[in-house]
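Structure file run.tsv with TSV, C-alpha atoms:
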```
chain	number	residue	atom	x	y	z
A	1	MET	CA	19.06	-8.90	-19.97
A	2	LYS	CA	17.80	-6.68	-17.15
A	3	ILE	CA	17.85	-6.44	-13.38
A	4	ILE	CA	14.51	-7.65	-12.03
A	5	ASP	CA	12.39	-4.89	-10.45
A	6	GLY	CA	12.68	-4.60	-6.69
A	7	PHE	CA	16.30	-5.74	-6.29
A	8	VAL	CA	18.46	-3.07	-4.69
A	9	LEU	CA	22.23	-2.90	-4.17
A	10	ARG	CA	23.26	-1.86	-0.67
A	11	PRO	CA	26.70	-1.55	0.91
A	12	LEU	CA	27.18	-3.40	4.22
A	13	GLY	CA	30.52	-2.54	5.80
A	14	GLU	CA	33.06	-3.47	3.14
A	15	GLU	CA	30.63	-5.83	1.42
A	16	PHE	CA	27.76	-5.41	-1.02
A	17	LEU	CA	24.33	-7.00	-0.87
A	18	VAL	CA	21.57	-7.20	-3.44
A	19	ILE	CA	18.32	-7.32	-1.52
A	20	GLY	CA	14.81	-8.08	-2.74
A	21	GLU	CA	12.74	-5.07	-1.70
A	22	GLY	CA	9.92	-5.25	-4.24
A	23	ILE	CA	6.32	-6.05	-3.39
A	24	SER	CA	6.84	-9.58	-4.75
A	25	GLN	CA	9.56	-10.01	-2.10
A	26	ILE	CA	7.13	-9.22	0.70
A	27	ASN	CA	8.42	-12.00	2.92
A	28	PHE	CA	12.12	-11.22	2.90
A	29	ASN	CA	13.42	-14.21	1.01
A	30	LYS	CA	16.18	-13.26	-1.39
A	31	MET	CA	19.57	-11.71	-0.83
A	32	VAL	CA	22.78	-12.13	-2.81
A	33	SER	CA	26.18	-10.87	-1.73
A	34	LEU	CA	28.44	-9.31	-4.38
A	35	ASN	CA	32.15	-8.59	-4.42
A	36	SER	CA	33.30	-5.08	-5.31
A	37	SER	CA	33.74	-5.73	-9.06
A	38	ALA	CA	30.29	-7.31	-9.34
A	39	ALA	CA	28.86	-4.34	-7.40
A	40	TYR	CA	30.59	-1.96	-9.85
A	41	LEU	CA	28.94	-3.78	-12.78
A	42	TRP	CA	25.54	-3.80	-11.06
A	43	GLN	CA	25.66	-0.03	-10.51
A	44	HIS	CA	26.43	0.55	-14.18
A	45	VAL	CA	23.61	-1.61	-15.57
A	46	GLU	CA	20.87	-0.68	-13.07
A	47	GLY	CA	17.66	0.31	-14.88
A	48	LYS	CA	19.02	-0.60	-18.33
A	49	GLU	CA	18.90	-3.44	-20.83
A	50	PHE	CA	22.37	-4.96	-21.05
A	51	THR	CA	24.32	-7.80	-22.65
A	52	VAL	CA	27.26	-9.95	-21.59
A	53	ALA	CA	29.38	-7.86	-23.97
A	54	ASP	CA	28.36	-4.68	-22.06
A	55	LEU	CA	29.52	-6.27	-18.81
A	56	ALA	CA	32.81	-7.31	-20.42
A	57	ASP	CA	33.38	-3.76	-21.72
A	58	LEU	CA	32.75	-2.35	-18.26
A	59	LEU	CA	35.31	-4.80	-16.85
A	60	THR	CA	38.03	-3.89	-19.37
A	61	ASP	CA	37.31	-0.18	-18.72
A	62	ALA	CA	37.87	-0.46	-15.00
A	63	TYR	CA	40.29	-3.34	-14.47
A	64	GLU	CA	43.61	-4.52	-15.89
A	65	VAL	CA	42.10	-7.45	-17.74
A	66	ASP	CA	42.23	-8.62	-21.36
A	67	ALA	CA	39.07	-8.82	-23.48
A	68	GLU	CA	38.95	-12.61	-23.57
A	69	ARG	CA	39.18	-12.98	-19.79
A	70	ALA	CA	36.66	-10.15	-19.26
A	71	LEU	CA	34.16	-11.87	-21.55
A	72	LYS	CA	34.56	-15.15	-19.68
A	73	ASP	CA	34.11	-13.48	-16.28
A	74	ALA	CA	31.09	-11.54	-17.58
A	75	GLU	CA	29.48	-14.75	-18.87
A	76	THR	CA	30.00	-16.51	-15.55
A	77	LEU	CA	28.60	-13.59	-13.57
A	78	ALA	CA	25.55	-13.10	-15.84
A	79	ALA	CA	24.74	-16.80	-15.53
A	80	LYS	CA	25.01	-16.57	-11.72
A	81	TRP	CA	22.73	-13.54	-11.56
A	82	ILE	CA	20.12	-15.25	-13.75
A	83	GLU	CA	20.33	-18.43	-11.70
A	84	ALA	CA	19.90	-16.42	-8.49
A	85	GLY	CA	16.77	-14.83	-9.95
A	86	ILE	CA	17.94	-11.22	-9.64
A	87	VAL	CA	18.38	-10.67	-13.40
A	88	SER	CA	16.06	-11.72	-16.25
A	89	GLU	CA	17.32	-12.92	-19.65
B	1	MET	CA	-26.45	11.13	19.41
B	2	GLU	CA	-22.68	11.14	18.89
B	3	LYS	CA	-21.07	8.40	20.90
B	4	MET	CA	-18.48	9.47	23.46
B	5	LEU	CA	-14.94	8.62	22.45
B	6	LYS	CA	-12.11	7.69	24.72
B	7	LYS	CA	-8.42	7.94	23.83
B	8	LYS	CA	-5.54	6.16	25.56
B	9	TYR	CA	-1.79	6.72	25.17
B	10	PHE	CA	0.81	3.95	25.14
B	11	ASP	CA	4.60	4.09	25.18
B	12	VAL	CA	6.29	1.07	23.59
B	13	ALA	CA	10.09	1.24	23.32
B	14	GLY	CA	9.99	5.04	23.58
B	15	HIS	CA	7.48	5.55	20.75
B	16	VAL	CA	4.10	6.84	21.92
B	17	PHE	CA	0.88	5.95	20.09
B	18	THR	CA	-2.80	6.47	20.76
B	19	LEU	CA	-5.88	4.28	20.44
B	20	GLU	CA	-9.31	5.85	20.24
B	21	MET	CA	-12.72	4.18	20.31
B	22	GLY	CA	-16.12	4.48	21.96
B	23	GLU	CA	-15.98	5.03	25.72
B	24	GLY	CA	-18.39	2.17	26.32
B	25	ASP	CA	-16.68	-0.25	23.93
B	26	ARG	CA	-16.28	-3.61	25.71
B	27	LEU	CA	-12.97	-4.11	23.92
B	28	TRP	CA	-11.34	-1.69	26.42
B	29	ASP	CA	-11.71	-4.45	29.04
B	30	ASP	CA	-10.02	-6.95	26.75
B	31	LEU	CA	-6.77	-5.06	26.16
B	32	ASP	CA	-4.85	-6.13	29.28
B	33	ASN	CA	-1.74	-6.58	27.16
B	34	TYR	CA	-1.49	-2.77	26.78
B	35	ALA	CA	-1.88	-1.91	30.48
B	36	PRO	CA	1.85	-2.02	31.35
B	37	PHE	CA	2.54	0.42	28.49
B	38	GLU	CA	-0.17	3.01	29.19
B	39	CYS	CA	1.22	6.50	29.73
B	40	VAL	CA	0.05	10.03	30.41
B	41	GLY	CA	-0.95	11.88	27.26
B	42	ASN	CA	-0.41	15.47	28.34
B	43	GLY	CA	1.83	17.29	25.91
B	44	VAL	CA	3.07	14.06	24.33
B	45	ASP	CA	3.62	13.99	20.58
B	46	ALA	CA	2.30	10.63	19.42
B	47	ALA	CA	4.19	8.85	16.63
B	48	PHE	CA	0.88	7.51	15.34
B	49	SER	CA	-2.82	7.36	16.16
B	50	LEU	CA	-5.40	4.67	15.48
B	51	SER	CA	-9.13	5.23	15.76
B	52	LEU	CA	-11.99	2.79	15.28
B	53	CYS	CA	-14.74	4.00	12.99
B	54	ASP	CA	-17.66	2.82	10.87
B	55	ASP	CA	-16.60	4.45	7.62
B	56	ILE	CA	-13.31	4.63	5.80
B	57	ASP	CA	-12.40	6.40	2.57
B	58	VAL	CA	-10.99	3.94	0.03
B	59	SER	CA	-11.00	6.14	-3.07
B	60	GLY	CA	-8.40	5.23	-5.66
B	61	LYS	CA	-8.05	1.67	-4.29
B	62	LYS	CA	-5.39	-0.21	-6.29
B	63	GLU	CA	-4.03	-3.68	-5.60
B	64	MET	CA	-0.44	-3.79	-4.29
B	65	TYR	CA	-0.23	-7.24	-2.75
B	66	VAL	CA	-2.92	-9.87	-2.38
B	67	SER	CA	-1.89	-12.87	-0.32
B	68	THR	CA	-2.53	-16.49	-1.14
B	69	PRO	CA	-4.63	-17.54	1.87
B	70	VAL	CA	-3.17	-20.38	3.93
B	71	GLU	CA	-5.64	-22.25	6.11
B	72	GLY	CA	-4.96	-21.54	9.78
B	73	ASP	CA	-2.70	-18.57	9.06
B	74	GLN	CA	-3.71	-14.93	9.35
B	75	ARG	CA	-3.79	-12.94	6.13
B	76	ILE	CA	-3.20	-9.33	5.12
B	77	ASP	CA	-3.85	-7.83	1.68
B	78	ILE	CA	-2.41	-4.44	0.75
B	79	TYR	CA	-3.85	-1.73	-1.53
B	80	SER	CA	-2.68	1.76	-2.37
B	81	LEU	CA	-5.18	4.62	-2.14
B	82	ASP	CA	-5.23	8.19	-3.44
B	83	GLU	CA	-4.01	9.11	0.05
B	84	GLY	CA	-2.06	6.35	1.77
B	85	TYR	CA	-2.79	2.64	1.99
B	86	LEU	CA	-5.51	0.14	2.82
B	87	PHE	CA	-4.82	-3.13	4.68
B	88	GLU	CA	-7.49	-5.81	4.69
B	89	MET	CA	-7.06	-8.49	7.33
B	90	ALA	CA	-8.49	-11.78	8.57
B	91	PRO	CA	-7.39	-13.96	11.52
B	92	LEU	CA	-7.41	-17.11	9.36
B	93	GLY	CA	-6.81	-17.80	5.68
B	94	ASP	CA	-10.18	-19.44	5.13
B	95	VAL	CA	-12.44	-16.76	6.64
B	96	PRO	CA	-13.60	-13.53	4.94
B	97	VAL	CA	-11.74	-10.26	5.50
B	98	CYS	CA	-13.03	-8.67	8.72
B	99	GLY	CA	-10.79	-5.65	9.34
B	100	PHE	CA	-10.13	-2.67	7.06
B	101	LEU	CA	-7.26	-0.35	8.05
B	102	GLN	CA	-6.85	2.89	6.15
B	103	VAL	CA	-3.57	4.66	6.90
B	104	SER	CA	-1.92	7.89	5.81
B	105	GLY	CA	1.15	7.65	3.55
B	106	ASP	CA	3.50	8.21	6.52
B	107	PHE	CA	1.60	5.71	8.73
B	108	SER	CA	0.93	8.37	11.40
B	109	MET	CA	-2.89	8.26	11.13
B	110	GLY	CA	-4.99	5.12	10.93
B	111	ARG	CA	-8.72	4.46	10.76
B	112	LEU	CA	-9.94	0.93	11.37
B	113	LYS	CA	-13.31	-0.51	10.43
B	114	VAL	CA	-14.00	-3.88	12.04
B	115	LEU	CA	-16.68	-6.42	11.12
B	116	LYS	CA	-15.55	-9.29	13.34
B	117	ALA	CA	-12.60	-10.49	15.49
B	118	LYS	CA	-12.22	-7.01	16.97
B	119	ARG	CA	-9.34	-7.75	19.32
B	120	PHE	CA	-7.33	-9.44	16.58
B	121	CYS	CA	-7.93	-6.51	14.21
B	122	VAL	CA	-6.94	-3.85	16.76
B	123	ASN	CA	-3.77	-5.72	17.79
B	124	ASN	CA	-2.86	-6.36	14.17
B	125	ALA	CA	-3.51	-2.76	13.08
B	126	LEU	CA	-1.41	-1.35	15.93
B	127	MET	CA	1.46	-3.77	15.22
B	128	LEU	CA	1.37	-2.94	11.56
B	129	MET	CA	1.34	0.81	12.11
B	130	TYR	CA	4.04	0.51	14.75
B	131	ALA	CA	6.38	-1.45	12.47
B	132	PHE	CA	5.87	0.78	9.43
B	133	ARG	CA	5.84	4.14	11.26
B	134	THR	CA	8.97	3.44	13.35
B	135	ALA	CA	11.09	1.64	10.71
B	136	PRO	CA	12.62	4.97	9.58
B	137	LEU	CA	13.28	5.80	13.27
B	138	GLY	CA	15.96	3.20	14.01
B	139	THR	CA	13.40	0.68	15.26
B	140	LEU	CA	12.65	-2.95	14.39
B	141	GLU	CA	9.53	-4.91	15.28
B	142	MET	CA	10.93	-8.42	15.40
B	143	HIS	CA	9.52	-11.90	15.25
B	144	ALA	CA	11.48	-13.47	18.10
B	145	SER	CA	11.38	-14.91	21.60
B	146	VAL	CA	13.54	-13.01	24.11
B	147	THR	CA	15.12	-14.33	27.27
B	148	VAL	CA	17.06	-12.13	29.70
B	149	LYS	CA	20.15	-13.30	31.56
B	150	ASP	CA	22.84	-11.28	33.38
B	151	GLY	CA	21.10	-8.03	32.36
B	152	LYS	CA	21.26	-8.78	28.63
B	153	GLY	CA	18.50	-9.79	26.23
B	154	PHE	CA	19.01	-12.79	23.95
B	155	LEU	CA	16.74	-12.96	20.91
B	156	PHE	CA	15.86	-16.34	19.42
B	157	LEU	CA	14.86	-16.07	15.77
B	158	GLY	CA	13.41	-18.55	13.30
B	159	ARG	CA	10.43	-19.31	11.14
B	160	SER	CA	7.15	-20.17	12.81
B	161	GLY	CA	7.37	-23.64	14.24
B	162	THR	CA	11.17	-23.92	14.46
B	163	GLY	CA	11.09	-23.67	18.26
B	164	LYS	CA	11.89	-20.10	19.33
B	165	SER	CA	9.50	-20.29	22.29
B	166	THR	CA	10.64	-23.81	23.08
B	167	HIS	CA	14.25	-22.65	23.22
B	168	SER	CA	13.33	-19.78	25.56
B	169	SER	CA	11.51	-22.22	27.84
B	170	LEU	CA	14.61	-24.46	27.83
B	171	TRP	CA	16.69	-21.51	29.07
B	172	LEU	CA	14.15	-20.77	31.83
B	173	LYS	CA	14.44	-24.39	33.04
B	174	ASN	CA	18.18	-24.90	32.57
B	175	VAL	CA	19.91	-21.51	32.82
B	176	PRO	CA	19.60	-20.20	36.39
B	177	GLY	CA	18.61	-16.53	36.71
B	178	SER	CA	17.05	-16.24	33.26
B	179	HIS	CA	13.58	-14.82	32.60
B	180	LEU	CA	11.30	-14.28	29.60
B	181	LEU	CA	10.90	-10.71	28.27
B	182	ASN	CA	8.65	-11.39	25.25
B	183	ASP	CA	7.69	-14.52	23.35
B	184	ASP	CA	6.80	-13.29	19.86
B	185	ASN	CA	7.13	-9.60	18.95
B	186	PRO	CA	9.77	-7.63	20.87
B	187	ILE	CA	11.02	-4.24	19.69
B	188	VAL	CA	14.71	-3.62	18.98
B	189	ARG	CA	16.24	-0.15	18.68
B	190	PHE	CA	19.72	0.89	17.69
B	191	THR	CA	21.15	3.74	19.76
B	192	ASP	CA	24.60	5.24	20.46
B	193	GLU	CA	25.06	2.51	23.07
B	194	GLY	CA	24.23	-0.29	20.64
B	195	ALA	CA	21.21	-2.54	20.15
B	196	ARG	CA	18.53	-2.59	22.86
B	197	VAL	CA	15.53	-4.91	23.16
B	198	TYR	CA	12.16	-3.88	24.62
B	199	GLY	CA	9.11	-5.82	25.74
B	200	SER	CA	5.83	-5.04	23.94
B	201	PRO	CA	2.06	-5.60	24.18
B	202	TRP	CA	2.39	-8.28	21.49
B	203	SER	CA	3.67	-11.67	22.56
B	204	GLY	CA	1.90	-14.33	20.49
B	205	LYS	CA	0.22	-17.08	22.46
B	206	THR	CA	2.24	-16.41	25.64
B	207	PRO	CA	0.78	-13.64	27.81
B	208	CYS	CA	4.10	-11.92	28.59
B	209	TYR	CA	3.69	-8.15	28.34
B	210	ILE	CA	6.66	-6.71	30.21
B	211	ASN	CA	7.59	-3.04	29.99
B	212	GLU	CA	11.34	-3.48	30.47
B	213	ASN	CA	14.35	-3.13	28.21
B	214	TYR	CA	17.89	-4.49	28.08
B	215	PRO	CA	21.00	-4.22	25.91
B	216	VAL	CA	21.01	-7.03	23.34
B	217	GLY	CA	23.49	-9.79	24.23
B	218	ALA	CA	23.11	-11.68	20.96
B	219	PHE	CA	20.75	-12.73	18.19
B	220	VAL	CA	20.50	-16.51	17.81
B	221	ARG	CA	18.81	-18.14	14.83
B	222	ILE	CA	17.26	-21.49	15.76
B	223	ASN	CA	17.65	-24.28	13.24
B	224	ARG	CA	16.22	-27.74	13.89
B	225	ALA	CA	18.94	-30.43	13.61
B	226	PRO	CA	19.64	-33.90	15.00
B	227	TYR	CA	22.44	-32.47	17.21
B	228	ASP	CA	23.30	-29.33	19.23
B	229	ALA	CA	25.97	-26.95	17.89
B	230	ILE	CA	26.38	-23.19	17.71
B	231	HIS	CA	28.49	-20.91	15.53
B	232	ARG	CA	28.91	-17.20	14.76
B	233	MET	CA	27.52	-15.97	11.47
B	234	ASN	CA	29.41	-13.68	9.09
B	235	LEU	CA	28.14	-10.18	8.30
B	236	ALA	CA	25.97	-11.10	5.30
B	237	GLU	CA	24.46	-14.12	7.12
B	238	SER	CA	23.76	-11.98	10.19
B	239	PHE	CA	22.08	-9.38	8.01
B	240	ALA	CA	19.88	-12.01	6.31
B	241	SER	CA	19.00	-13.55	9.67
B	242	ILE	CA	17.80	-10.31	11.27
B	243	SER	CA	16.16	-8.99	8.08
B	244	SER	CA	14.03	-12.06	7.65
B	245	SER	CA	12.74	-11.63	11.22
B	246	ALA	CA	12.01	-7.88	11.07
B	247	SER	CA	8.55	-6.63	10.05
B	248	GLY	CA	8.18	-3.98	7.37
B	249	LEU	CA	6.89	-3.35	3.89
B	250	ARG	CA	10.14	-3.00	1.94
B	251	ALA	CA	8.34	-1.96	-1.23
B	252	ILE	CA	8.00	1.43	0.50
B	253	ARG	CA	11.36	3.13	0.13
B	254	SER	CA	11.42	4.98	3.49
B	255	ILE	CA	10.76	1.67	5.28
B	256	ALA	CA	13.38	-0.28	3.30
B	257	ASP	CA	15.99	2.45	3.90
B	258	GLY	CA	15.18	2.60	7.62
B	259	LEU	CA	15.33	-1.17	8.10
B	260	PHE	CA	18.61	-1.39	6.19
B	261	ALA	CA	20.26	1.39	8.21
B	262	THR	CA	19.17	-0.13	11.53
B	263	ILE	CA	20.04	-3.73	10.68
B	264	SER	CA	23.43	-2.89	9.15
B	265	SER	CA	24.38	-0.94	12.31
B	266	ILE	CA	23.23	-3.83	14.50
B	267	VAL	CA	25.10	-6.58	12.67
B	268	GLN	CA	28.34	-4.59	12.77
B	269	SER	CA	28.15	-4.28	16.56
B	270	THR	CA	26.19	-7.25	17.92
B	271	PRO	CA	27.04	-10.96	17.74
B	272	CYS	CA	24.71	-13.11	15.66
B	273	TYR	CA	24.75	-16.91	15.86
B	274	ILE	CA	23.13	-19.90	14.29
B	275	LEU	CA	22.16	-22.69	16.67
B	276	ASP	CA	21.58	-26.12	15.18
B	277	CYS	CA	19.64	-27.91	17.87
B	278	LEU	CA	17.26	-30.47	19.23
B	279	PRO	CA	14.47	-29.32	21.56
B	280	ASP	CA	16.48	-30.55	24.57
B	281	ALA	CA	18.17	-29.24	27.71
B	282	ALA	CA	21.59	-29.65	26.11
B	283	ALA	CA	20.61	-27.08	23.45
B	284	ALA	CA	20.11	-24.43	26.14
B	285	ILE	CA	23.44	-25.34	27.77
B	286	VAL	CA	25.38	-25.31	24.48
B	287	CYS	CA	23.79	-22.02	23.46
B	288	SER	CA	23.99	-20.16	26.78
B	289	SER	CA	27.58	-21.16	27.52
B	290	GLU	CA	28.71	-19.76	24.15
B	291	VAL	CA	26.66	-16.54	24.01
B	292	LEU	CA	27.25	-15.66	27.67
B	293	LYS	CA	31.00	-16.15	27.28
B	294	ASN	CA	31.06	-13.39	24.70
B	295	VAL	CA	29.08	-10.82	26.67
B	296	GLN	CA	30.82	-11.21	30.02
B	297	GLY	CA	33.09	-8.34	30.85
B	298	SER	CA	31.63	-6.21	28.05
```
Represent the supplied structure as structure tokens.
Amino acid sequence: MKIIDGFVLRPLGEEFLVIGEGISQINFNKMVSLNSSAAYLWQHVEGKEFTVADLADLLTDAYEVDAERALKDAETLAAKWIEAGIVSE
Amino acid sequence: MEKMLKKKYFDVAGHVFTLEMGEGDRLWDDLDNYAPFECVGNGVDAAFSLSLCDDIDVSGKKEMYVSTPVEGDQRIDIYSLDEGYLFEMAPLGDVPVCGFLQVSGDFSMGRLKVLKAKRFCVNNALMLMYAFRTAPLGTLEMHASVTVKDGKGFLFLGRSGTGKSTHSSLWLKNVPGSHLLNDDNPIVRFTDEGARVYGSPWSGKTPCYINENYPVGAFVRINRAPYDAIHRMNLAESFASISSSASGLRAIRSIADGLFATISSIVQSTPCYILDCLPDAAAAIVCSSEVLKNVQGS
């Protein structure tokens, strides 16, 4: 999967927002807030093709979490991003 | 014979711009909305300049965004050029394009060719250049109605038709000592002292062109509901609320960065609310009693 063109991660205070800034988002209409671990993943897959397994690896690299749990969290997050229309399958 | 040109200077929210067209152009008599903002041009560095002309250079024209025309709504289509951008505009979705605005890449120089609806095209071109040129300068051109009370400006936001103007008029009738600053397109700037709202020459259908400015008391998003209730929004909601009401072409990086910097500073220092309301007097009472409570003594 891949982040859809025009979606940009921006820090707001202690929070993170993904904002639609592409030409297709001309009438500001999409914004998703991310927690810090989701923002960490986003930064590492920006501009690349990635899989759920890549996300899970990134999670186990950075957090004290076992592989099974990481895979589950990665699946949930990827599904959310696709549903929100900020990532394409 | 060359026709004589006349140039006027205007200062809106501290940004100076110029408009140039033929001295004898009858449109000069039809720009009353700019009169309160006219300023002396000597030695002033203008942020941007617009001139009316018969020819524009559209070499390298490539489609960036072509709107789906909506009957009754104005339309703007955007193209990139070898040098800068081209905006094609029409006052309604179902009429042909009648204004062609060619602007430099930094939005400081604009040339406008008009076929019809001259006043609409000039107003639209100036608003567009203002929003895009000043976005990197801590400035927002907002879609809002602004009412002033106790020396603070309260901005009512919402999509067209949700009742921004109606809510302002309810304050004027029900909140003693309040007055209208602008009914459609005020300017907001973020400074060391916080957010400040300015009147502008653009005010939608209400002729309210006031050259005054006030600290922002609050931003209030209007949401039609079968009851009246108000609550504070969290940071992300506040950001979304202001962003969706600020003009700017976010596909251009300098504009997106500027808008983000300004809006994130504003939402971390200024209260933002959502008001669920009916178009009734109680809405103005519920809203004003809450938002005024929070600005008193500040």
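The spacing separating CA of Ser245 (chain B) from CA of Ala144 (chain B) amounts to 7.2 Å.
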Contact set, chain B to chain A: 7 Å, only C-alpha atoms, as a PyMOL selection string
chain B and resi 65+243-244+249-251+256+264
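Using only C-alpha atoms, the residues found no farther than 6 Å from Val52 (chain A), other than those of its own chain fewer than 2 positions away, are Asp54, Leu55, Ala74 and Glu75 of chain A.
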With only C-alpha atoms as the counted atoms, please give the residues lying no more than 9 Å from Leu59 (chain A), apart from itself and same-chain residues fewer than 4 positions off, as a PyMOL selection string.
chain A and resi 37+40-41+54-55+63-65+67+70-71+73-74
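Proximity to Ala78 (chain A) was assessed for A:Asp5, A:Glu46, A:Ala62, A:Ala56 counting all atoms listed in the file; the smallest distance is recorded for A:Ala56.
Here the question is which of A:Ile4, A:Ala53, A:Leu77, A:Leu58 gets nearest to Asn35 (chain A) using only C-alpha atoms, and that residue is A:Leu77.
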Could you work out an axis-aligned box for region 211-219 of chain B, taking every atom the file lists and adding 6 Å on each side, and report centre and edge lengths in Å to one decimal, as lines of an AutoDock Vina configuration file?
```
center_x = 15.5
center_y = -7.9
center_z = 24.3
size_x = 27.9
size_y = 21.7
size_z = 24.3
```
Would you work out the distance separating CA of Trp81 (chain A) from CA of Arg253 (chain B), expressed in Å to one decimal?
23.3 Å
Between CA of Arg119 (chain B) and CA of Ser51 (chain B), what is the distance, to one decimal in Å?
13.5 Å
Write out as a PDB file with C-alpha atoms, in the frame of the given file each polymer residue whose atoms come within 7 Å of region 25-38 of chain B, counting only C-alpha atoms; drop sequence neighbours fewer than 4 positions from it.
```
ATOM      1  CA  TYR B   9      -1.790   6.720  25.170  1.00  0.00           C
ATOM      2  CA  PHE B  10       0.810   3.950  25.140  1.00  0.00           C
ATOM      3  CA  ASP B  11       4.600   4.090  25.180  1.00  0.00           C
ATOM      4  CA  VAL B  12       6.290   1.070  23.590  1.00  0.00           C
ATOM      5  CA  MET B  21     -12.720   4.180  20.310  1.00  0.00           C
ATOM      6  CA  ARG B 119      -9.340  -7.750  19.320  1.00  0.00           C
ATOM      7  CA  PRO B 201       2.060  -5.600  24.180  1.00  0.00           C
ATOM      8  CA  TYR B 209       3.690  -8.150  28.340  1.00  0.00           C
ATOM      9  CA  ILE B 210       6.660  -6.710  30.210  1.00  0.00           C
ATOM     10  CA  ASN B 211       7.590  -3.040  29.990  1.00  0.00           C
TER      11      ASN B 211
END
```
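Proximity to Ala283 (chain B) was assessed for B:Ile56, B:Val295, B:Ile242, B:Ala229 counting all atoms listed in the file; the smallest distance is recorded for B:Ala229.
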